[in-house]
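Undergrad: This is upload.txt, which holds compact mmCIF, C-alpha atoms:
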```
# COMPACT_ATOMS: atom_id res chain seq x y z
CA MET A 4 -94.94 -49.61 94.22
CA GLU A 5 -92.38 -47.20 95.60
CA CYS A 6 -88.73 -47.54 94.69
CA LEU A 7 -86.30 -45.56 96.79
CA PRO A 8 -83.06 -44.15 95.36
CA PHE A 9 -80.59 -46.39 93.58
CA GLY A 10 -78.78 -48.80 95.89
CA SER A 11 -81.29 -49.05 98.73
CA TRP A 12 -83.94 -51.15 97.03
CA HIS A 13 -86.66 -50.78 99.64
CA ILE A 14 -89.75 -52.10 97.88
CA THR A 15 -93.14 -51.17 99.30
CA VAL A 16 -95.64 -54.01 99.52
CA LYS A 17 -99.23 -54.12 100.73
CA CYS A 18 -99.58 -55.94 104.04
CA VAL A 19 -102.85 -57.79 104.60
CA ASP A 20 -101.67 -60.31 107.19
CA VAL A 21 -103.58 -60.42 110.46
CA ASN A 22 -101.78 -63.36 112.07
CA TYR A 23 -98.42 -61.72 112.66
CA ASN A 24 -97.16 -62.49 116.17
CA THR A 25 -95.88 -58.98 116.77
CA ARG A 26 -96.54 -55.93 118.88
CA ARG A 27 -96.17 -53.62 115.89
CA PRO A 28 -99.30 -52.12 114.26
CA LEU A 29 -100.03 -53.46 110.79
CA LEU A 30 -99.66 -50.78 108.16
CA GLU A 31 -101.27 -50.63 104.76
CA THR A 32 -97.79 -50.56 103.27
CA MET A 33 -94.75 -52.22 104.73
CA VAL A 34 -91.28 -52.66 103.36
CA VAL A 35 -89.33 -55.60 101.99
CA ALA A 36 -85.74 -54.35 102.16
CA TYR A 37 -83.11 -55.95 99.93
CA ILE A 38 -79.59 -55.07 101.10
CA LEU A 39 -76.88 -55.68 98.49
CA GLU A 40 -74.04 -53.43 99.71
CA GLN A 41 -71.05 -55.63 100.54
CA ASN A 42 -68.78 -55.48 103.60
CA THR A 43 -71.41 -53.65 105.61
CA SER A 44 -72.95 -54.08 109.03
CA ILE A 45 -76.41 -53.31 110.37
CA ARG A 46 -76.74 -51.81 113.83
CA LEU A 47 -79.63 -50.58 115.97
CA GLU A 48 -80.22 -46.93 116.79
CA GLY A 49 -83.49 -46.32 118.58
CA GLU A 50 -86.31 -47.36 116.25
CA ARG A 51 -84.07 -47.53 113.19
CA LEU A 52 -81.64 -49.96 111.62
CA LEU A 53 -78.55 -48.35 110.14
CA VAL A 54 -76.68 -50.01 107.26
CA GLN A 55 -73.08 -48.91 107.68
CA ARG A 56 -69.69 -49.37 106.10
CA LYS A 57 -67.08 -48.45 108.69
CA LYS A 58 -68.47 -45.18 110.12
CA ASP A 59 -70.51 -44.15 107.08
CA THR A 60 -74.28 -44.74 107.17
CA LEU A 61 -75.46 -45.91 103.74
CA ARG A 62 -79.11 -46.73 104.46
CA THR A 63 -81.67 -46.18 107.20
CA LEU A 64 -84.53 -48.63 107.81
CA HIS A 65 -87.48 -47.75 110.04
CA ILE A 66 -88.36 -50.81 112.10
CA TYR A 67 -92.08 -50.08 112.28
CA LYS A 68 -92.29 -50.22 108.47
CA LEU A 69 -90.11 -53.29 108.01
CA LYS A 70 -91.83 -56.50 106.96
CA GLN A 71 -88.89 -58.54 105.67
CA LEU A 72 -85.13 -58.10 105.44
CA VAL A 73 -83.22 -59.90 102.66
CA LEU A 74 -79.43 -59.79 102.91
CA PHE A 75 -77.07 -60.71 100.06
CA GLY A 76 -73.45 -61.61 100.71
CA ASN A 77 -71.09 -60.18 103.32
CA ILE A 78 -73.45 -58.26 105.62
CA SER A 79 -73.27 -58.61 109.40
CA LEU A 80 -75.84 -57.96 112.14
CA THR A 81 -75.03 -56.80 115.66
CA PRO A 82 -76.48 -58.81 118.59
CA ALA A 83 -78.82 -55.91 119.38
CA VAL A 84 -80.21 -56.00 115.83
CA ILE A 85 -80.74 -59.76 115.95
CA THR A 86 -82.58 -59.46 119.27
CA ARG A 87 -84.82 -56.72 117.88
CA LEU A 88 -85.57 -58.66 114.69
CA PHE A 89 -86.61 -61.63 116.82
CA ARG A 90 -88.72 -59.45 119.11
CA GLU A 91 -90.55 -57.81 116.20
CA ASN A 92 -90.85 -61.11 114.31
CA ILE A 93 -89.28 -59.62 111.19
CA ASP A 94 -88.46 -62.37 108.72
CA THR A 95 -84.75 -62.09 107.90
CA VAL A 96 -83.32 -64.03 104.97
CA PHE A 97 -79.66 -64.64 104.14
CA MET A 98 -78.57 -65.14 100.52
CA SER A 99 -75.14 -65.55 99.01
CA ARG A 100 -73.91 -62.65 96.91
CA ALA A 101 -74.95 -64.58 93.80
CA GLY A 102 -78.47 -65.15 95.13
CA ARG A 103 -78.30 -68.65 96.60
CA TYR A 104 -80.47 -69.19 99.66
CA MET A 105 -78.40 -69.72 102.81
CA GLY A 106 -80.90 -69.58 105.66
CA ARG A 107 -83.15 -67.29 107.71
CA LEU A 108 -83.67 -65.89 111.18
CA GLN A 109 -87.01 -66.98 112.51
CA GLY A 110 -88.40 -65.85 115.85
CA GLN A 111 -91.07 -67.66 117.80
CA PHE A 112 -92.45 -70.52 115.71
CA SER A 113 -96.16 -70.51 114.93
CA LYS A 114 -98.27 -71.81 117.81
CA ASN A 115 -100.68 -73.44 115.37
CA ILE A 116 -99.81 -76.99 116.46
CA THR A 117 -103.30 -78.24 115.55
CA LEU A 118 -102.70 -77.32 111.91
CA ARG A 119 -99.34 -79.11 111.85
CA HIS A 120 -100.90 -82.15 113.53
CA GLU A 121 -103.57 -82.24 110.82
CA GLN A 122 -100.91 -81.66 108.16
CA PHE A 123 -98.94 -84.72 109.28
CA ALA A 124 -102.08 -86.86 109.45
CA ARG A 125 -103.20 -85.78 105.98
CA MET A 126 -99.81 -86.21 104.33
CA MET A 127 -99.55 -89.74 105.71
CA ASP A 128 -102.82 -90.61 103.94
CA ALA A 129 -101.71 -92.03 100.57
CA GLY A 130 -105.00 -91.19 98.87
CA TYR A 131 -104.95 -87.60 100.05
CA ALA A 132 -101.28 -87.20 99.09
CA VAL A 133 -101.94 -88.34 95.51
CA GLU A 134 -105.05 -86.17 95.21
CA THR A 135 -103.17 -83.09 96.39
CA ALA A 136 -100.11 -83.75 94.22
CA ARG A 137 -102.40 -84.30 91.25
CA ALA A 138 -103.96 -80.86 91.75
CA ILE A 139 -100.52 -79.24 92.12
CA VAL A 140 -99.17 -80.81 88.92
CA ALA A 141 -102.38 -80.05 87.02
CA GLY A 142 -102.14 -76.39 88.04
CA LYS A 143 -98.52 -76.07 86.99
CA LEU A 144 -99.12 -77.76 83.64
CA ALA A 145 -102.16 -75.59 82.93
CA ASN A 146 -100.09 -72.47 83.57
CA MET A 147 -97.18 -73.72 81.45
CA ARG A 148 -99.62 -74.38 78.61
CA SER A 149 -101.12 -70.90 79.01
CA VAL A 150 -97.66 -69.30 78.75
CA LEU A 151 -96.97 -71.22 75.55
CA MET A 152 -100.39 -70.29 74.15
CA ARG A 153 -99.63 -66.61 74.75
CA ILE A 154 -96.27 -66.97 73.01
CA LYS A 155 -97.97 -68.79 70.14
CA ARG A 156 -100.54 -66.01 69.69
CA SER A 157 -98.11 -63.11 70.03
CA ARG A 158 -95.37 -64.60 67.84
CA ASP A 159 -97.59 -66.51 65.42
CA GLU A 160 -95.44 -69.51 66.26
CA ALA A 161 -97.18 -72.42 64.57
CA ALA A 162 -94.32 -74.67 65.67
CA LEU A 163 -95.44 -74.33 69.28
CA GLY A 164 -98.52 -76.40 68.50
CA LYS A 165 -96.52 -79.56 69.17
CA GLN A 166 -95.55 -78.52 72.71
CA VAL A 167 -99.01 -77.14 73.51
CA ALA A 168 -100.67 -80.36 72.35
CA GLY A 169 -98.09 -82.47 74.15
CA ILE A 170 -98.69 -80.76 77.47
CA LYS A 171 -102.45 -81.03 77.02
CA LYS A 172 -102.07 -84.77 76.45
CA ILE A 173 -99.99 -85.13 79.61
CA MET A 174 -102.63 -83.15 81.53
CA GLY A 175 -105.09 -85.90 80.64
CA LYS A 176 -102.71 -88.50 82.05
CA VAL A 177 -102.28 -86.47 85.23
CA ARG A 178 -106.01 -86.58 85.85
CA GLN A 179 -105.88 -90.39 85.76
CA ALA A 180 -102.67 -90.83 87.78
CA THR A 181 -102.93 -92.95 90.92
CA ASP A 182 -99.42 -92.71 92.38
CA LEU A 183 -96.86 -90.03 93.16
CA ASP A 184 -94.06 -91.43 91.01
CA SER A 185 -96.25 -91.23 87.90
CA LEU A 186 -97.16 -87.63 88.69
CA ARG A 187 -93.51 -86.70 89.13
CA GLY A 188 -92.70 -88.32 85.80
CA TYR A 189 -95.50 -86.48 84.01
CA GLU A 190 -94.38 -83.18 85.52
CA GLY A 191 -90.83 -83.77 84.32
CA SER A 192 -91.91 -84.69 80.78
CA ALA A 193 -94.20 -81.67 80.51
CA SER A 194 -91.48 -79.33 81.80
CA ALA A 195 -89.05 -80.55 79.14
CA MET A 196 -91.65 -79.83 76.43
CA TYR A 197 -92.46 -76.49 77.97
CA PHE A 198 -88.91 -75.16 77.95
CA GLU A 199 -88.52 -76.21 74.31
CA GLY A 200 -91.39 -73.86 73.52
CA PHE A 201 -90.34 -71.26 76.08
CA ALA A 202 -87.21 -70.52 74.04
CA ARG A 203 -89.40 -69.33 71.16
CA GLY A 204 -90.80 -66.60 73.37
CA LEU A 205 -87.41 -64.84 73.46
CA LEU A 206 -87.20 -62.28 70.66
CA GLY A 207 -84.19 -63.20 68.57
CA ASN A 208 -82.97 -65.44 71.41
CA GLU A 209 -79.58 -63.74 71.34
CA VAL A 210 -79.11 -64.91 74.93
CA GLY A 211 -78.54 -68.46 73.71
CA PHE A 212 -81.22 -70.29 75.69
CA GLU A 213 -81.86 -73.87 74.54
CA LYS A 214 -83.07 -75.80 77.57
CA ARG A 215 -83.41 -75.55 81.34
CA VAL A 216 -80.03 -76.03 83.03
CA ARG A 217 -80.13 -75.70 86.81
CA ARG A 218 -76.64 -76.31 88.13
CA PRO A 219 -74.82 -74.40 86.97
CA PRO A 220 -76.77 -71.97 84.72
CA THR A 221 -74.99 -71.84 81.38
CA ASP A 222 -76.69 -68.78 79.89
CA PRO A 223 -78.39 -65.56 81.04
CA VAL A 224 -81.92 -66.99 80.85
CA ASN A 225 -81.09 -69.94 83.09
CA ALA A 226 -79.28 -67.61 85.49
CA LEU A 227 -82.42 -65.47 85.84
CA LEU A 228 -84.73 -68.47 86.12
CA SER A 229 -82.64 -69.88 88.97
CA LEU A 230 -82.49 -66.57 90.82
CA GLY A 231 -86.19 -65.90 90.21
CA TYR A 232 -87.20 -69.31 91.55
CA THR A 233 -85.10 -68.72 94.67
CA LEU A 234 -86.78 -65.36 95.30
CA LEU A 235 -90.18 -66.95 94.68
CA LEU A 236 -89.38 -69.78 97.06
CA ASN A 237 -88.49 -67.22 99.72
CA SER A 238 -91.94 -65.61 99.35
CA VAL A 239 -93.75 -68.95 99.53
CA MET A 240 -91.66 -70.03 102.54
CA ASN A 241 -92.64 -66.84 104.34
CA ALA A 242 -96.35 -67.51 103.72
CA VAL A 243 -96.14 -71.20 104.68
CA CYS A 244 -94.42 -70.44 107.99
CA MET A 245 -96.76 -67.55 108.73
CA VAL A 246 -99.86 -69.72 108.35
CA GLY A 247 -98.31 -72.33 110.67
CA PHE A 248 -97.38 -75.28 108.46
CA ASP A 249 -94.27 -77.41 108.74
CA PRO A 250 -92.50 -76.39 105.49
CA TYR A 251 -90.61 -79.70 105.22
CA LEU A 252 -93.57 -82.06 104.79
CA GLY A 253 -95.26 -82.04 101.39
CA THR A 254 -96.62 -84.50 98.86
CA LEU A 255 -95.30 -84.03 95.32
CA HIS A 256 -91.74 -83.41 96.47
CA ALA A 257 -90.55 -86.40 98.45
CA VAL A 258 -89.54 -85.91 102.06
CA GLU A 259 -85.78 -85.50 102.25
CA TYR A 260 -83.45 -84.07 104.87
CA GLY A 261 -83.24 -80.29 104.46
CA ARG A 262 -85.76 -80.04 101.63
CA PRO A 263 -88.80 -77.75 102.24
CA SER A 264 -91.13 -80.08 100.34
CA LEU A 265 -94.38 -78.25 101.10
CA VAL A 266 -92.91 -74.93 100.00
CA LEU A 267 -91.72 -76.50 96.75
CA ASP A 268 -95.15 -78.06 96.25
CA LEU A 269 -97.04 -74.82 96.70
CA MET A 270 -94.70 -72.74 94.54
CA GLU A 271 -95.12 -74.99 91.47
CA GLU A 272 -98.21 -73.23 90.10
CA TRP A 273 -96.44 -69.86 90.48
CA ARG A 274 -93.26 -70.65 88.55
CA PRO A 275 -94.79 -69.99 85.10
CA LEU A 276 -97.04 -67.17 86.33
CA VAL A 277 -94.40 -65.13 88.17
CA VAL A 278 -90.86 -66.05 87.18
CA ASP A 279 -91.09 -67.42 83.65
CA THR A 280 -93.24 -64.56 82.34
CA LEU A 281 -90.97 -62.06 84.11
CA VAL A 282 -87.83 -63.51 82.51
CA LEU A 283 -89.42 -63.29 79.05
CA SER A 284 -90.42 -59.71 79.75
CA VAL A 285 -87.07 -58.40 80.99
CA PHE A 286 -85.26 -59.78 77.95
CA ASN A 287 -87.85 -58.88 75.31
CA LEU A 288 -88.22 -55.33 76.66
CA LYS A 289 -84.43 -55.12 77.03
CA THR A 290 -84.71 -54.20 80.69
CA LEU A 291 -81.73 -56.53 81.03
CA THR A 292 -79.25 -57.16 78.22
CA LEU A 293 -76.15 -59.27 77.76
CA SER A 294 -74.11 -56.47 79.34
CA ASP A 295 -75.83 -57.27 82.66
CA PHE A 296 -74.18 -60.72 82.80
CA LYS A 297 -70.65 -62.00 83.06
CA LYS A 298 -68.82 -65.27 82.66
CA GLY A 299 -67.12 -66.92 85.60
CA VAL A 300 -67.22 -65.89 89.25
CA ASP A 301 -65.52 -63.52 91.62
CA VAL A 302 -62.90 -64.91 93.99
CA ASP A 303 -65.13 -64.54 97.04
CA GLU A 304 -67.88 -66.56 95.35
CA SER A 305 -65.45 -69.38 94.50
CA GLU A 306 -64.23 -69.51 98.11
CA GLU A 307 -67.79 -69.45 99.40
CA THR A 308 -68.67 -72.44 97.22
CA ARG A 309 -65.67 -74.46 98.43
CA GLU A 310 -66.52 -73.76 102.06
CA ASN A 311 -70.23 -74.45 101.79
CA GLY A 312 -70.61 -76.91 98.95
CA ASP A 313 -68.13 -79.72 99.52
CA SER A 314 -70.34 -81.75 101.85
CA LEU A 315 -73.54 -81.32 99.87
CA ASP A 316 -75.32 -84.59 99.23
CA GLU A 317 -76.10 -84.55 95.51
CA LYS A 318 -79.30 -86.48 96.07
CA SER A 319 -80.70 -83.69 98.25
CA ALA A 320 -80.15 -81.12 95.50
CA VAL A 321 -82.57 -82.61 92.96
CA THR A 322 -85.15 -79.89 92.34
CA ASP A 323 -85.17 -77.48 95.21
CA GLU A 324 -83.85 -73.97 94.74
CA LEU A 325 -82.47 -73.85 98.28
CA SER A 326 -79.54 -76.16 97.61
CA ARG A 327 -76.07 -74.66 97.42
CA GLU A 328 -74.93 -74.62 93.84
CA PRO A 329 -71.40 -74.81 92.53
CA ALA A 330 -69.86 -71.66 91.07
CA LEU A 331 -71.94 -70.11 88.29
CA PRO A 332 -70.32 -69.89 84.83
CA VAL A 333 -72.89 -67.19 83.92
CA ARG A 334 -74.06 -64.74 86.55
CA LEU A 335 -75.49 -61.27 86.87
CA THR A 336 -73.32 -58.22 87.32
CA ASP A 337 -74.03 -56.18 90.45
CA ASP A 338 -76.02 -53.67 88.41
CA GLY A 339 -77.94 -56.44 86.63
CA PHE A 340 -78.67 -58.07 89.97
CA ARG A 341 -80.22 -54.85 91.28
CA LYS A 342 -82.28 -54.40 88.12
CA PHE A 343 -83.73 -57.89 88.39
CA ILE A 344 -84.57 -57.52 92.10
CA VAL A 345 -86.58 -54.38 91.28
CA GLN A 346 -88.38 -56.10 88.40
CA PHE A 347 -89.17 -59.13 90.57
CA GLU A 348 -90.74 -56.92 93.25
CA ARG A 349 -92.74 -55.04 90.63
CA LYS A 350 -94.08 -58.36 89.43
CA MET A 351 -94.92 -59.51 92.95
CA ASN A 352 -96.83 -56.26 93.56
CA GLN A 353 -98.75 -56.46 90.27
CA LYS A 354 -102.44 -57.01 90.92
CA ILE A 355 -104.47 -59.81 89.37
CA ARG A 356 -107.86 -61.33 90.09
CA HIS A 357 -107.65 -64.08 92.68
CA ARG A 358 -110.04 -66.75 91.46
CA LEU A 359 -111.15 -68.08 94.84
CA THR A 360 -111.91 -64.72 96.46
CA GLY A 361 -112.73 -62.67 93.36
CA GLN A 362 -110.53 -59.87 94.73
CA GLN A 363 -107.85 -57.89 92.93
CA LEU A 364 -104.71 -58.86 94.84
CA SER A 365 -100.97 -58.64 94.27
CA TYR A 366 -99.16 -61.84 93.35
CA ARG A 367 -97.62 -61.84 96.84
CA ASP A 368 -101.06 -61.63 98.46
CA CYS A 369 -102.43 -64.28 96.07
CA ILE A 370 -99.67 -66.65 97.19
CA ARG A 371 -100.69 -66.10 100.81
CA GLU A 372 -104.35 -66.65 99.97
CA GLN A 373 -103.47 -69.94 98.27
CA VAL A 374 -101.53 -71.09 101.35
CA ARG A 375 -104.50 -70.19 103.54
CA HIS A 376 -106.77 -72.07 101.13
CA PHE A 377 -104.47 -75.09 101.46
CA ALA A 378 -104.76 -74.80 105.26
CA ARG A 379 -108.56 -74.89 105.01
CA VAL A 380 -108.31 -78.02 102.87
CA VAL A 381 -105.99 -79.68 105.40
CA ARG A 382 -108.42 -78.84 108.19
CA GLY A 383 -111.32 -80.30 106.20
CA GLU A 384 -113.09 -76.96 105.80
CA GLU A 385 -112.83 -77.16 102.00
CA LYS A 386 -112.94 -80.27 99.87
CA ALA A 387 -109.88 -80.09 97.61
CA TYR A 388 -106.97 -77.83 96.75
CA ARG A 389 -107.58 -75.61 93.74
CA PRO A 390 -104.43 -74.09 92.23
CA MET A 391 -104.26 -70.59 90.80
CA VAL A 392 -104.56 -71.01 87.04
CA MET A 393 -103.94 -68.39 84.36
CA ARG A 394 -106.75 -67.78 81.89
```
Write the structure described by the file as structure tokens, please.

TA:
Amino acid sequence: MECLPFGSWHITVKCVDVNYNTRRPLLETMVVAYILEQNTSIRLEGERLLVQRKKDTLRTLHIYKLKQLVLFGNISLTPAVITRLFRENIDTVFMSRAGRYMGRLQGQFSKNITLRHEQFARMMDAGYAVETARAIVAGKLANMRSVLMRIKRSRDEAALGKQVAGIKKIMGKVRQATDLDSLRGYEGSASAMYFEGFARGLLGNEVGFEKRVRRPPTDPVNALLSLGYTLLLNSVMNAVCMVGFDPYLGTLHAVEYGRPSLVLDLMEEWRPLVVDTLVLSVFNLKTLTLSDFKKGVDVDESEETRENGDSLDEKSAVTDELSREPALPVRLTDDGFRKFIVQFERKMNQKIRHRLTGQQLSYRDCIREQVRHFARVVRGEEKAYRPMVMR
């Protein structure tokens, strides 16, 4: 991975996608650019995008290298830039300054209507829906148990035996489940056990983590988990749309207005593997410390929440990381935010063995391979979905 000088945060990722609807040549390495500089604008100059504040150019992005653009906070795009992003099919994501997902620019939608037709037919089949949700929950629980087992071995934490055994017992129930509500209940029970044990993986636990608190995060660990899950969701959303699925129709997560249920389904197995292990690492290695967090919010964040959050239907904000949260009592400083973005990209570029292909792939490429595998299952080319499980 290549990290450019402080403040630009252009992270190089390997590009293996062959289905991009674009005239640009596919390079071995393309860039995911995170732009955090506030009160800036991006304008087009030839084959480059210039990040500017007033007349000063802060960053230069080469369009032919750009795979994805992620913008945080008050950053504007000129009409010429928007047109070019559409033309080149560059996925452009908008986040709040605190890291809440706001939306994305998406060019021409995938023409793979046959896949979406098969997706709708499959998801309406109750038996198939339960079978798929069962595999998704089983994969997530297996990975949660593996994380706890690693903590148990490295910390000699005999007390974790209760949580490890409890999750294993629930895994047995998952295999026998015959309806979606039962599977959702088992997933919730296992997650509660998991985060009890997860706290023991934090050396000294000076960050004060006790349990998972989503809205609002009440401690540094929960703040990083929420941000990490949002970044992960963004990666899964990109893969789901690229393959040609409708991101809003899944199985485990009930269909609800504005909820990308399929994306949430397919990211479940990756939460422990990518985000949870990363959060343990950045605290235990002191990559981030308490000085990288602050209590309360800036004025602009409070105003943003009032403008965007008042009409939010609480029911639609159950588990998805896309929902607009109220102001965060604990949040990252600007420097801490940058540090975590870099660590997240390093994690996503870390190579592991993909079980289905046997290849050494980055986490980002493994996610795409799993989405493609799911597409083959939907089309009937493969029998059942097999989640990526940590050994």

Undergrad: When distances are computed from all atoms listed in the file, which of A:Tyr189, A:Val333, A:Val177, A:Phe112 shows the smallest separation from Thr135 (chain A)?

TA: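 Nearest to Thr135 (chain A): A:Val177.
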
Undergrad: Quick one: what's the axis-aligned box for region 65-81 of chain A, all listed atoms, 5 Å on every side, centre and edges in Å to one decimal, as JSON?

TA:
```
{"center_x": -81.7, "center_y": -54.7, "center_z": 107.9, "size_x": 31.2, "size_y": 23.9, "size_z": 25.6}
```

Undergrad: With all atoms listed in the file as the atoms that count, which of A:Arg90, A:Arg187, A:Arg158, A:Arg389 lies nearest to Ala257 (chain A)?

TA: A:Arg187

Undergrad: Return the single residue from A:Arg103, A:Arg56, A:Arg262, A:Arg394 that is closest to Leu234 (chain A), with distances computed using all atoms listed in the file.

TA: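 Checking each of A:Arg103, A:Arg56, A:Arg262, A:Arg394 against Leu234 (chain A), counting all atoms listed in the file, the winner is A:Arg103.
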
Undergrad: Record the distance separating CA of Gln346 (chain A) and CA of Ile38 (chain A), expressed in Å with one decimal.

TA: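 Here the two named atoms are 15.5 Å from each other.
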
Undergrad: Would you kindly return, as a VMD selection string, each protein, DNA or RNA residue with an atom no farther than 12 Å from any atom of region 200-206 of chain A, considering all atoms listed in the file and excluding same-chain residues fewer than 3 positions away?

TA: chain A and resid 147 to 170 193 to 197 209 to 215 223 to 225 228 275 279 to 289

Undergrad: Please indicate the distance in Å from CA of Thr360 (chain A) to CA of Leu186 (chain A), rounded to one decimal place.

TA: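 Between these atoms lies a distance of 28.3 Å.
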
Undergrad: Work out how far CA of Val278 (chain A) is from CA of Gly231 (chain A), in Å to one decimal.

TA: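 We find that CA of Gly231 (chain A) and CA of Val278 (chain A) lie 5.6 Å from each other.
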
Undergrad: Using only C-alpha atoms, which of the listed residues (A:Arg382, A:Phe343, A:Thr254, A:Glu271) sits closest to Met127 (chain A)?

TA: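 Of A:Arg382, A:Phe343, A:Thr254, A:Glu271, the one nearest Met127 (chain A) is A:Thr254, counting only C-alpha atoms.
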
Undergrad: Quick one: everything within 9 Å of Val243 (chain A), counting all atoms listed in the file, minus sequence neighbours fewer than 2 positions away in the same chain. Send it as a list of chain:residue names.

TA: A:Ser238, A:Val239, A:Met240, A:Asn241, A:Met245, A:Val246, A:Gly247, A:Phe248, A:Asp249, A:Pro250, A:Leu265, A:Val266, A:Leu269, A:Arg371, A:Val374, A:Arg375

Undergrad: Is it possible to get the residues within 10 Å of (-81.1, -52.3, 111.6) (coordinates as in the file, counting all atoms listed in the file) written as a list in words?

TA: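 These residues have at least one counted atom within 10 Å: Ser44, Ile45, Arg46, Leu47, Glu48, Gly49, Glu50, Arg51, Leu52, Leu53, Val54, Gln55, Arg62, Thr63, Leu64, His65, Ile66, Leu69, Leu72, Leu80, Thr81, Ala83, Val84, Ile85, Arg87 and Leu88 of chain A.
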
Undergrad: Would you output that residue set with C-alpha atoms, as an mmCIF file, in the frame of the given file?

TA:
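And here is the file that came out, result32.cif:
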```
data_model
loop_
_atom_site.group_PDB
_atom_site.id
_atom_site.type_symbol
_atom_site.label_atom_id
_atom_site.label_comp_id
_atom_site.auth_asym_id
_atom_site.auth_seq_id
_atom_site.Cartn_x
_atom_site.Cartn_y
_atom_site.Cartn_z
ATOM 1 C CA SER A 44 -72.950 -54.080 109.030
ATOM 2 C CA ILE A 45 -76.410 -53.310 110.370
ATOM 3 C CA ARG A 46 -76.740 -51.810 113.830
ATOM 4 C CA LEU A 47 -79.630 -50.580 115.970
ATOM 5 C CA GLU A 48 -80.220 -46.930 116.790
ATOM 6 C CA GLY A 49 -83.490 -46.320 118.580
ATOM 7 C CA GLU A 50 -86.310 -47.360 116.250
ATOM 8 C CA ARG A 51 -84.070 -47.530 113.190
ATOM 9 C CA LEU A 52 -81.640 -49.960 111.620
ATOM 10 C CA LEU A 53 -78.550 -48.350 110.140
ATOM 11 C CA VAL A 54 -76.680 -50.010 107.260
ATOM 12 C CA GLN A 55 -73.080 -48.910 107.680
ATOM 13 C CA ARG A 62 -79.110 -46.730 104.460
ATOM 14 C CA THR A 63 -81.670 -46.180 107.200
ATOM 15 C CA LEU A 64 -84.530 -48.630 107.810
ATOM 16 C CA HIS A 65 -87.480 -47.750 110.040
ATOM 17 C CA ILE A 66 -88.360 -50.810 112.100
ATOM 18 C CA LEU A 69 -90.110 -53.290 108.010
ATOM 19 C CA LEU A 72 -85.130 -58.100 105.440
ATOM 20 C CA LEU A 80 -75.840 -57.960 112.140
ATOM 21 C CA THR A 81 -75.030 -56.800 115.660
ATOM 22 C CA ALA A 83 -78.820 -55.910 119.380
ATOM 23 C CA VAL A 84 -80.210 -56.000 115.830
ATOM 24 C CA ILE A 85 -80.740 -59.760 115.950
ATOM 25 C CA ARG A 87 -84.820 -56.720 117.880
ATOM 26 C CA LEU A 88 -85.570 -58.660 114.690
#
```

Undergrad: Show me, as number ranges by chain, the residues that have an atom within 10 Å of His256 (chain A) when counting only C-alpha atoms, minus same-chain residues fewer than 5 positions from it.

TA: A: 136, 183-184, 187, 251, 262-268, 321-323

Undergrad: May I have the protein, DNA and RNA residues with an atom at most 12 Å from (-102.9, -75.6, 111.7), counting only C-alpha atoms in the file's coordinates, returned as a PyMOL selection string?

TA: chain A and resi 113-125+243-249+374-384

Undergrad: Since we have the selection now, will you write its residues out, keeping C-alpha atoms, as a short mmCIF file (atom, residue, chain, number, x, y, z; two decimals), in the coordinates of the input?

TA:
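So the final result, stored in again-v9.cif, reads:
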```
data_model
loop_
_atom_site.label_atom_id
_atom_site.label_comp_id
_atom_site.auth_asym_id
_atom_site.auth_seq_id
_atom_site.Cartn_x
_atom_site.Cartn_y
_atom_site.Cartn_z
CA SER A 113 -96.16 -70.51 114.93
CA LYS A 114 -98.27 -71.81 117.81
CA ASN A 115 -100.68 -73.44 115.37
CA ILE A 116 -99.81 -76.99 116.46
CA THR A 117 -103.30 -78.24 115.55
CA LEU A 118 -102.70 -77.32 111.91
CA ARG A 119 -99.34 -79.11 111.85
CA HIS A 120 -100.90 -82.15 113.53
CA GLU A 121 -103.57 -82.24 110.82
CA GLN A 122 -100.91 -81.66 108.16
CA PHE A 123 -98.94 -84.72 109.28
CA ALA A 124 -102.08 -86.86 109.45
CA ARG A 125 -103.20 -85.78 105.98
CA VAL A 243 -96.14 -71.20 104.68
CA CYS A 244 -94.42 -70.44 107.99
CA MET A 245 -96.76 -67.55 108.73
CA VAL A 246 -99.86 -69.72 108.35
CA GLY A 247 -98.31 -72.33 110.67
CA PHE A 248 -97.38 -75.28 108.46
CA ASP A 249 -94.27 -77.41 108.74
CA VAL A 374 -101.53 -71.09 101.35
CA ARG A 375 -104.50 -70.19 103.54
CA HIS A 376 -106.77 -72.07 101.13
CA PHE A 377 -104.47 -75.09 101.46
CA ALA A 378 -104.76 -74.80 105.26
CA ARG A 379 -108.56 -74.89 105.01
CA VAL A 380 -108.31 -78.02 102.87
CA VAL A 381 -105.99 -79.68 105.40
CA ARG A 382 -108.42 -78.84 108.19
CA GLY A 383 -111.32 -80.30 106.20
CA GLU A 384 -113.09 -76.96 105.80
#
```

Undergrad: Would you kindly return, as a VMD selection string, each protein, DNA or RNA residue with an atom no farther than 8 Å from any atom of Lys70 (chain A), considering only C-alpha atoms and excluding same-chain residues fewer than 4 positions away?

TA: chain A and resid 33 to 35 93 to 94

Undergrad: Using all atoms listed in the file, which protein or nucleic acid residues come within 7 Å of Gln41 (chain A)? Drop anything in the same chain fewer than 3 positions from it, and give the result as a PDB file with C-alpha atoms, keeping the file's coordinate frame.

TA:
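Output below, filename selection25.pdb:
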```pdb
ATOM      1  CA  GLY A  76     -73.450 -61.610 100.710  1.00  0.00           C
ATOM      2  CA  ASN A  77     -71.090 -60.180 103.320  1.00  0.00           C
ATOM      3  CA  ILE A  78     -73.450 -58.260 105.620  1.00  0.00           C
TER       4      ILE A  78
END
```

Undergrad: Under the rule that all atoms listed in the file are counted, which of A:Ala180, A:Ala101, A:Leu291, A:Val277 is the nearest residue to Arg349 (chain A)?

TA: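 Of A:Ala180, A:Ala101, A:Leu291, A:Val277, the one nearest Arg349 (chain A) is A:Val277, counting all atoms listed in the file.
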